[in-house]
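Asker: Dropping in upload-v1.txt, which is compact mmCIF, C-alpha atoms:
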```txt
# COMPACT_ATOMS: atom_id res chain seq x y z
CA MET A 1 -9.50 5.72 -2.23
CA LYS A 2 -8.08 5.60 1.28
CA ALA A 3 -8.10 2.86 3.86
CA ASN A 4 -10.98 4.42 5.78
CA THR A 5 -13.39 3.87 2.90
CA LYS A 6 -15.71 1.17 4.16
CA VAL A 7 -17.92 -0.90 1.86
CA GLY A 8 -20.62 -3.06 3.43
CA LEU A 9 -22.50 -5.80 1.59
CA PHE A 10 -26.05 -6.80 2.42
CA ALA A 11 -27.88 -9.67 0.72
CA SER A 12 -31.49 -8.60 0.36
CA VAL A 13 -34.44 -11.00 0.34
CA HIS A 14 -36.98 -9.73 -2.16
CA SER A 15 -39.93 -11.59 -0.63
CA SER A 16 -41.24 -10.31 2.69
CA GLU A 17 -42.92 -13.71 3.14
CA VAL A 18 -39.58 -15.53 2.94
CA LEU A 19 -38.10 -13.10 5.45
CA ALA A 20 -41.01 -13.68 7.83
CA ASP A 21 -40.59 -17.43 7.41
CA CYS A 22 -37.02 -16.95 8.68
CA ASN A 23 -38.43 -15.19 11.76
CA TYR A 24 -36.67 -12.00 10.71
CA SER A 25 -37.98 -8.51 9.97
CA GLU A 26 -37.17 -5.44 7.96
CA HIS A 27 -36.99 -3.54 11.26
CA LYS A 28 -34.07 -5.76 12.31
CA ILE A 29 -32.45 -5.13 8.95
CA THR A 30 -32.59 -1.36 9.38
CA LYS A 31 -30.96 -1.78 12.79
CA LEU A 32 -28.05 -3.50 11.02
CA PHE A 33 -27.90 -0.61 8.58
CA ASP A 34 -27.83 1.86 11.47
CA GLU A 35 -24.94 -0.02 13.02
CA PHE A 36 -22.97 0.25 9.79
CA GLN A 37 -23.86 3.96 9.58
CA PRO A 38 -23.96 4.34 5.79
CA ASP A 39 -23.28 7.66 4.12
CA ILE A 40 -24.35 6.22 0.77
CA ILE A 41 -26.48 3.24 -0.23
CA CYS A 42 -25.93 1.54 -3.59
CA GLY A 43 -29.06 -0.35 -4.57
CA GLU A 44 -30.61 -2.75 -7.06
CA VAL A 45 -32.31 -0.04 -9.10
CA ARG A 46 -31.39 1.16 -12.58
CA LYS A 47 -30.34 4.79 -12.86
CA GLU A 48 -32.83 5.58 -15.61
CA ASP A 49 -35.71 4.09 -13.62
CA TYR A 50 -34.76 5.99 -10.48
CA GLU A 51 -34.28 9.32 -12.21
CA ASN A 52 -37.54 9.00 -14.16
CA ASN A 53 -39.54 7.73 -11.16
CA ALA A 54 -40.53 4.67 -13.19
CA ALA A 55 -43.29 2.32 -12.06
CA TYR A 56 -40.62 -0.32 -11.45
CA GLN A 57 -37.72 0.80 -9.28
CA GLY A 58 -36.11 -2.40 -8.17
CA PRO A 59 -37.50 -5.30 -6.10
CA GLY A 60 -40.30 -4.72 -3.61
CA GLU A 61 -38.09 -3.97 -0.61
CA TYR A 62 -37.07 -0.61 -2.09
CA ARG A 63 -40.58 0.80 -1.97
CA ARG A 64 -41.35 -1.10 1.24
CA TYR A 65 -38.54 0.38 3.32
CA ILE A 66 -35.18 1.16 1.66
CA PHE A 67 -36.15 4.43 -0.03
CA LYS A 68 -37.85 5.56 3.19
CA TYR A 69 -34.80 4.57 5.21
CA CYS A 70 -32.60 6.77 3.02
CA LYS A 71 -35.03 9.68 3.11
CA ASP A 72 -35.57 9.58 6.87
CA ARG A 73 -31.83 9.56 7.59
CA GLY A 74 -30.67 11.85 4.80
CA ILE A 75 -28.62 9.10 3.14
CA GLN A 76 -27.60 9.47 -0.49
CA PHE A 77 -29.04 6.71 -2.69
CA GLU A 78 -27.10 5.56 -5.75
CA PRO A 79 -28.92 3.29 -8.26
CA CYS A 80 -26.38 0.70 -9.44
CA ASP A 81 -28.35 -2.02 -11.21
CA TRP A 82 -28.16 -2.79 -14.90
CA PHE A 83 -30.24 -4.94 -17.25
CA ASP A 84 -31.84 -4.61 -20.66
CA LYS A 85 -34.53 -6.34 -22.70
CA GLN A 86 -32.16 -9.16 -23.59
CA THR A 87 -31.48 -9.78 -19.90
CA ILE A 88 -35.21 -10.00 -19.13
CA TYR A 89 -35.82 -12.34 -22.08
CA ALA A 90 -32.91 -14.60 -21.10
CA ASN A 91 -34.07 -14.67 -17.48
CA ASN A 92 -37.51 -15.82 -18.61
CA LEU A 93 -35.88 -18.58 -20.65
CA LEU A 94 -33.75 -19.59 -17.68
CA SER A 95 -36.85 -20.03 -15.54
CA LYS A 96 -38.18 -22.58 -18.04
CA GLU A 97 -35.03 -24.66 -18.42
CA ASP A 98 -35.54 -28.41 -18.08
CA PHE A 99 -32.65 -28.79 -15.63
CA GLN A 100 -34.89 -27.32 -12.94
CA TYR A 101 -36.78 -30.60 -12.84
CA THR A 102 -33.71 -32.77 -12.29
CA LYS A 103 -32.93 -34.43 -8.97
CA GLU A 104 -29.46 -32.87 -8.84
CA TYR A 105 -30.82 -29.36 -9.15
CA ALA A 106 -33.53 -30.06 -6.57
CA LEU A 107 -30.87 -31.12 -4.07
CA ILE A 108 -28.94 -27.90 -4.70
CA MET A 109 -32.08 -25.86 -4.14
CA ASP A 110 -32.80 -27.68 -0.89
CA GLU A 111 -29.30 -26.80 0.30
CA TYR A 112 -29.82 -23.26 -0.98
CA MET A 113 -32.84 -22.68 1.25
CA VAL A 114 -31.44 -24.47 4.29
CA SER A 115 -28.16 -22.56 4.24
CA GLY A 116 -29.91 -19.26 3.61
CA LYS A 117 -32.41 -19.65 6.43
CA LYS A 118 -29.87 -20.79 9.00
CA SER A 119 -27.62 -17.76 8.45
CA THR A 120 -27.58 -15.43 11.46
CA VAL A 121 -29.03 -12.80 9.16
CA PRO A 122 -31.05 -14.74 6.56
CA PHE A 123 -29.13 -15.36 3.32
CA ASN A 124 -26.13 -13.34 4.52
CA SER A 125 -23.27 -15.78 4.97
CA ASP A 126 -20.31 -17.21 3.10
CA GLU A 127 -21.86 -20.65 3.45
CA TYR A 128 -24.92 -19.49 1.55
CA ASN A 129 -22.73 -17.73 -1.03
CA ASN A 130 -20.98 -21.05 -1.71
CA VAL A 131 -24.31 -22.72 -2.44
CA VAL A 132 -25.31 -19.86 -4.75
CA ARG A 133 -22.07 -20.39 -6.63
CA LYS A 134 -22.86 -24.10 -6.91
CA LYS A 135 -26.35 -23.32 -8.21
CA GLN A 136 -25.11 -20.86 -10.80
CA ASP A 137 -22.28 -23.17 -11.89
CA PHE A 138 -24.93 -25.81 -12.54
CA GLN A 139 -26.95 -23.32 -14.58
CA LYS A 140 -23.84 -22.29 -16.51
CA LYS A 141 -23.00 -25.90 -17.34
CA SER A 142 -26.57 -26.52 -18.50
CA ASN A 143 -26.87 -23.37 -20.63
CA PRO A 144 -23.73 -21.19 -20.70
CA GLN A 145 -25.16 -18.64 -23.14
CA ILE A 146 -28.20 -17.83 -21.01
CA HIS A 147 -26.15 -17.85 -17.82
CA LYS A 148 -23.72 -15.36 -19.32
CA ILE A 149 -26.52 -12.92 -20.14
CA VAL A 150 -28.49 -13.31 -16.91
CA TRP A 151 -25.62 -13.33 -14.42
CA GLU A 152 -22.18 -12.57 -15.83
CA GLU A 153 -22.94 -9.55 -18.02
CA ARG A 154 -25.31 -8.03 -15.50
CA ASN A 155 -22.98 -8.57 -12.53
CA LEU A 156 -20.04 -7.06 -14.40
CA ALA A 157 -22.07 -3.93 -15.13
CA ILE A 158 -23.27 -3.73 -11.52
CA VAL A 159 -19.71 -4.03 -10.19
CA ASN A 160 -18.52 -1.27 -12.51
CA ASN A 161 -21.33 1.01 -11.30
CA ILE A 162 -20.49 0.35 -7.64
CA ILE A 163 -16.76 0.87 -8.20
CA GLN A 164 -17.48 4.26 -9.74
CA VAL A 165 -19.47 5.28 -6.64
CA VAL A 166 -16.63 4.11 -4.38
CA LYS A 167 -14.04 6.01 -6.38
CA ASN A 168 -16.14 9.16 -6.36
CA ASN A 169 -16.77 9.02 -2.61
CA PRO A 170 -13.59 8.24 -0.68
CA ASN A 171 -13.49 8.04 3.11
CA LEU A 172 -17.20 7.28 3.47
CA ASN A 173 -19.28 4.29 4.56
CA ILE A 174 -20.91 2.84 1.43
CA LEU A 175 -23.57 0.16 1.88
CA VAL A 176 -24.29 -2.08 -1.11
CA ILE A 177 -27.72 -3.75 -1.06
CA PHE A 178 -28.45 -6.33 -3.74
CA GLY A 179 -30.40 -9.55 -4.10
CA ALA A 180 -28.79 -12.48 -2.30
CA GLU A 181 -27.67 -14.27 -5.47
CA HIS A 182 -25.52 -11.32 -6.55
CA ILE A 183 -23.53 -11.05 -3.34
CA TYR A 184 -20.88 -13.77 -3.81
CA TRP A 185 -19.90 -12.15 -7.11
CA LEU A 186 -19.90 -8.63 -5.70
CA LYS A 187 -17.84 -9.69 -2.70
CA GLU A 188 -15.25 -11.39 -4.89
CA GLU A 189 -14.88 -8.40 -7.21
CA LEU A 190 -15.04 -5.61 -4.65
CA SER A 191 -12.46 -7.35 -2.47
CA LYS A 192 -9.96 -6.64 -5.25
CA LEU A 193 -10.25 -2.89 -4.69
CA PRO A 194 -7.23 -1.38 -2.92
CA ASP A 195 -7.50 0.59 0.29
CA ILE A 196 -11.05 -0.25 1.33
CA GLN A 197 -12.45 -2.19 4.25
CA LEU A 198 -15.01 -4.70 2.94
CA VAL A 199 -17.61 -5.74 5.51
CA PHE A 200 -19.66 -8.93 5.05
CA PRO A 201 -21.84 -10.07 6.65
CA LEU A 202 -23.11 -7.04 8.51
CA ASP A 203 -23.99 -9.06 11.61
CA ARG A 204 -20.26 -9.45 12.26
CA GLN A 205 -19.63 -5.75 11.97
CA ARG A 206 -19.60 -3.83 15.26
CA VAL A 207 -19.00 -0.20 16.13
CA SER A 208 -15.71 -1.19 17.73
CA SER A 209 -14.40 -2.41 14.35
CA GLY A 210 -14.09 1.13 13.13
CA SER A 211 -17.40 2.39 11.78
CA LYS A 212 -18.09 6.03 12.42
```
Let me see the file written as C-alpha cells.
Answerer:
Amino acid sequence: MKANTKVGLFASVHSSEVLADCNYSEHKITKLFDEFQPDIICGEVRKEDYENNAAYQGPGEYRRYIFKYCKDRGIQFEPCDWFDKQTIYANNLLSKEDFQYTKEYALIMDEYMVSGKKSTVPFNSDEYNNVVRKKQDFQKKSNPQIHKIVWEERNLAIVNNIIQVVKNNPNLNILVIFGAEHIYWLKEELSKLPDIQLVFPLDRQRVSSGSK
C-alpha cells in the first residue's frame, strides 16, 4: 500500500425514515460519494449473499440506492460483511436484555439520537462515535458474552475483509459504507494501516485535500 491509497468511511442509516427526520436525503449522500470519487465501495453485505443474489443483501439502503450508484458509475462493489446463525441468535437476545429498560441506558440512547441527528451529515461524527462506544461498553458490561458475539467477533471479521480489499487495491479511493454503530471500531482499526489516508467524516473531505 502506498500513501495515495485513500480510505473513506461513511456511517449509513438503515432507516430512510430516520434519515428524513434528520432533514437529509440519499441524494445528498450520493453527492458526498461523488466528491470522494470512489473506485471501490466496501459494503455491509456478505460475500455469499452477494454472489448468490440472495433475497437479503444487506440493509435496505443497498437495494434502495447503493447498488444502483455502483452500477451507474461503474464502481466495483466488494461485499465485506460477516455474520452467522450464532450472530443472529445473539443479536435477538441482545434486543431483549433487561438493561434496555433502565434509566441509565435510556439516557445513553437519548444522547445517541441527539448526537447523531446534530452531526453535519447525520450519524457521521466523532462525537456520535463516542456515544456509540459508551452504549456498547454498557452492553458489554451487562452481558459480555453476547456483546462479544454481536459486535467484537463480527467487527473483527469485517475489518479483516476490508483490509484485504485495501491490500489488493493500492493507490485507489476505497469507500467503506457500514451501519453507524460499526464506524468507531472500523475507524480505530483502519487507522492502524500504514501508508493510507483515512477520511472521516466525508463532509470534511474536499477535492482540494487530494482526491482524484
Asker: Of the candidates A:Ile149, A:Lys6, A:Tyr184, A:Ile174, which shows the shortest atom-to-atom distance to Gln86 of chain A, using all atoms listed in the file?
Answerer: A:Ile149
Asker: To one decimal place, how far is atom CA of Glu104 of chain A from atom CA of Ile146 of chain A in Å?
Answerer: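 We find that atom CA of Glu104 of chain A and atom CA of Ile146 of chain A lie 19.4 Å from each other.
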Asker: Please provide as a list in words all residues within 7 Å of Asn4 of chain A, with the sequence filter that same-chain residues fewer than 2 positions apart are discarded (counting only C-alpha atoms).
Answerer: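 Listing them by chain and then by number gives Lys2, Lys6, Asn171, Ile196 and Gln197 of chain A.
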Asker: Measuring atom to atom with all atoms listed in the file, identify which of A:Val121, A:Val150, A:Asp203, A:Lys71 is nearest to Lys85 of chain A.
Answerer: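 Closest candidate: A:Val150.
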Asker: Counting all atoms listed in the file, what is within 10 Å of Asp81 of chain A, bar same-chain residues fewer than 5 positions away, as a compact mmCIF listing (two decimals) with C-alpha atoms, in the coordinates of the input?
Answerer:
```
# COMPACT_ATOMS: atom_id res chain seq x y z
CA CYS A 42 -25.93 1.54 -3.59
CA GLY A 43 -29.06 -0.35 -4.57
CA GLU A 44 -30.61 -2.75 -7.06
CA VAL A 45 -32.31 -0.04 -9.10
CA ARG A 46 -31.39 1.16 -12.58
CA LYS A 47 -30.34 4.79 -12.86
CA GLU A 48 -32.83 5.58 -15.61
CA ASP A 49 -35.71 4.09 -13.62
CA GLN A 57 -37.72 0.80 -9.28
CA GLY A 58 -36.11 -2.40 -8.17
CA ARG A 154 -25.31 -8.03 -15.50
CA ASN A 155 -22.98 -8.57 -12.53
CA ALA A 157 -22.07 -3.93 -15.13
CA ILE A 158 -23.27 -3.73 -11.52
CA VAL A 159 -19.71 -4.03 -10.19
CA ASN A 160 -18.52 -1.27 -12.51
CA ASN A 161 -21.33 1.01 -11.30
CA ILE A 162 -20.49 0.35 -7.64
CA PHE A 178 -28.45 -6.33 -3.74
```
Asker: Report, as lines of an AutoDock Vina configuration file, the centre and edge lengths in Å (one decimal) of the axis-aligned box enclosing every listed atom of segment 198-203 of chain A, padded by 8 Å on each side.
Answerer:
```
center_x = -19.5
center_y = -7.4
center_z = 7.3
size_x = 25.0
size_y = 21.4
size_z = 24.7
```
Asker: When distances are computed from only C-alpha atoms, which of A:Thr5, A:Lys68, A:Leu19, A:Leu172 shows the smallest separation from Ile40 of chain A?
Answerer: A:Leu172
Asker: Give me, please, the distance in Å between atom CA of Glu153 of chain A and atom CA of Asn130 of chain A, quoted to one decimal.
Answerer: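 According to the coordinates, atom CA of Glu153 of chain A and atom CA of Asn130 of chain A are separated by 20.1 Å.
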Asker: What is the atom CA of Glu111 of chain A-atom CA of Glu181 of chain A distance in Å, reported with one decimal?
Answerer: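 Answer for the atom CA of Glu111 of chain A to atom CA of Glu181 of chain A separation: 13.9 Å.
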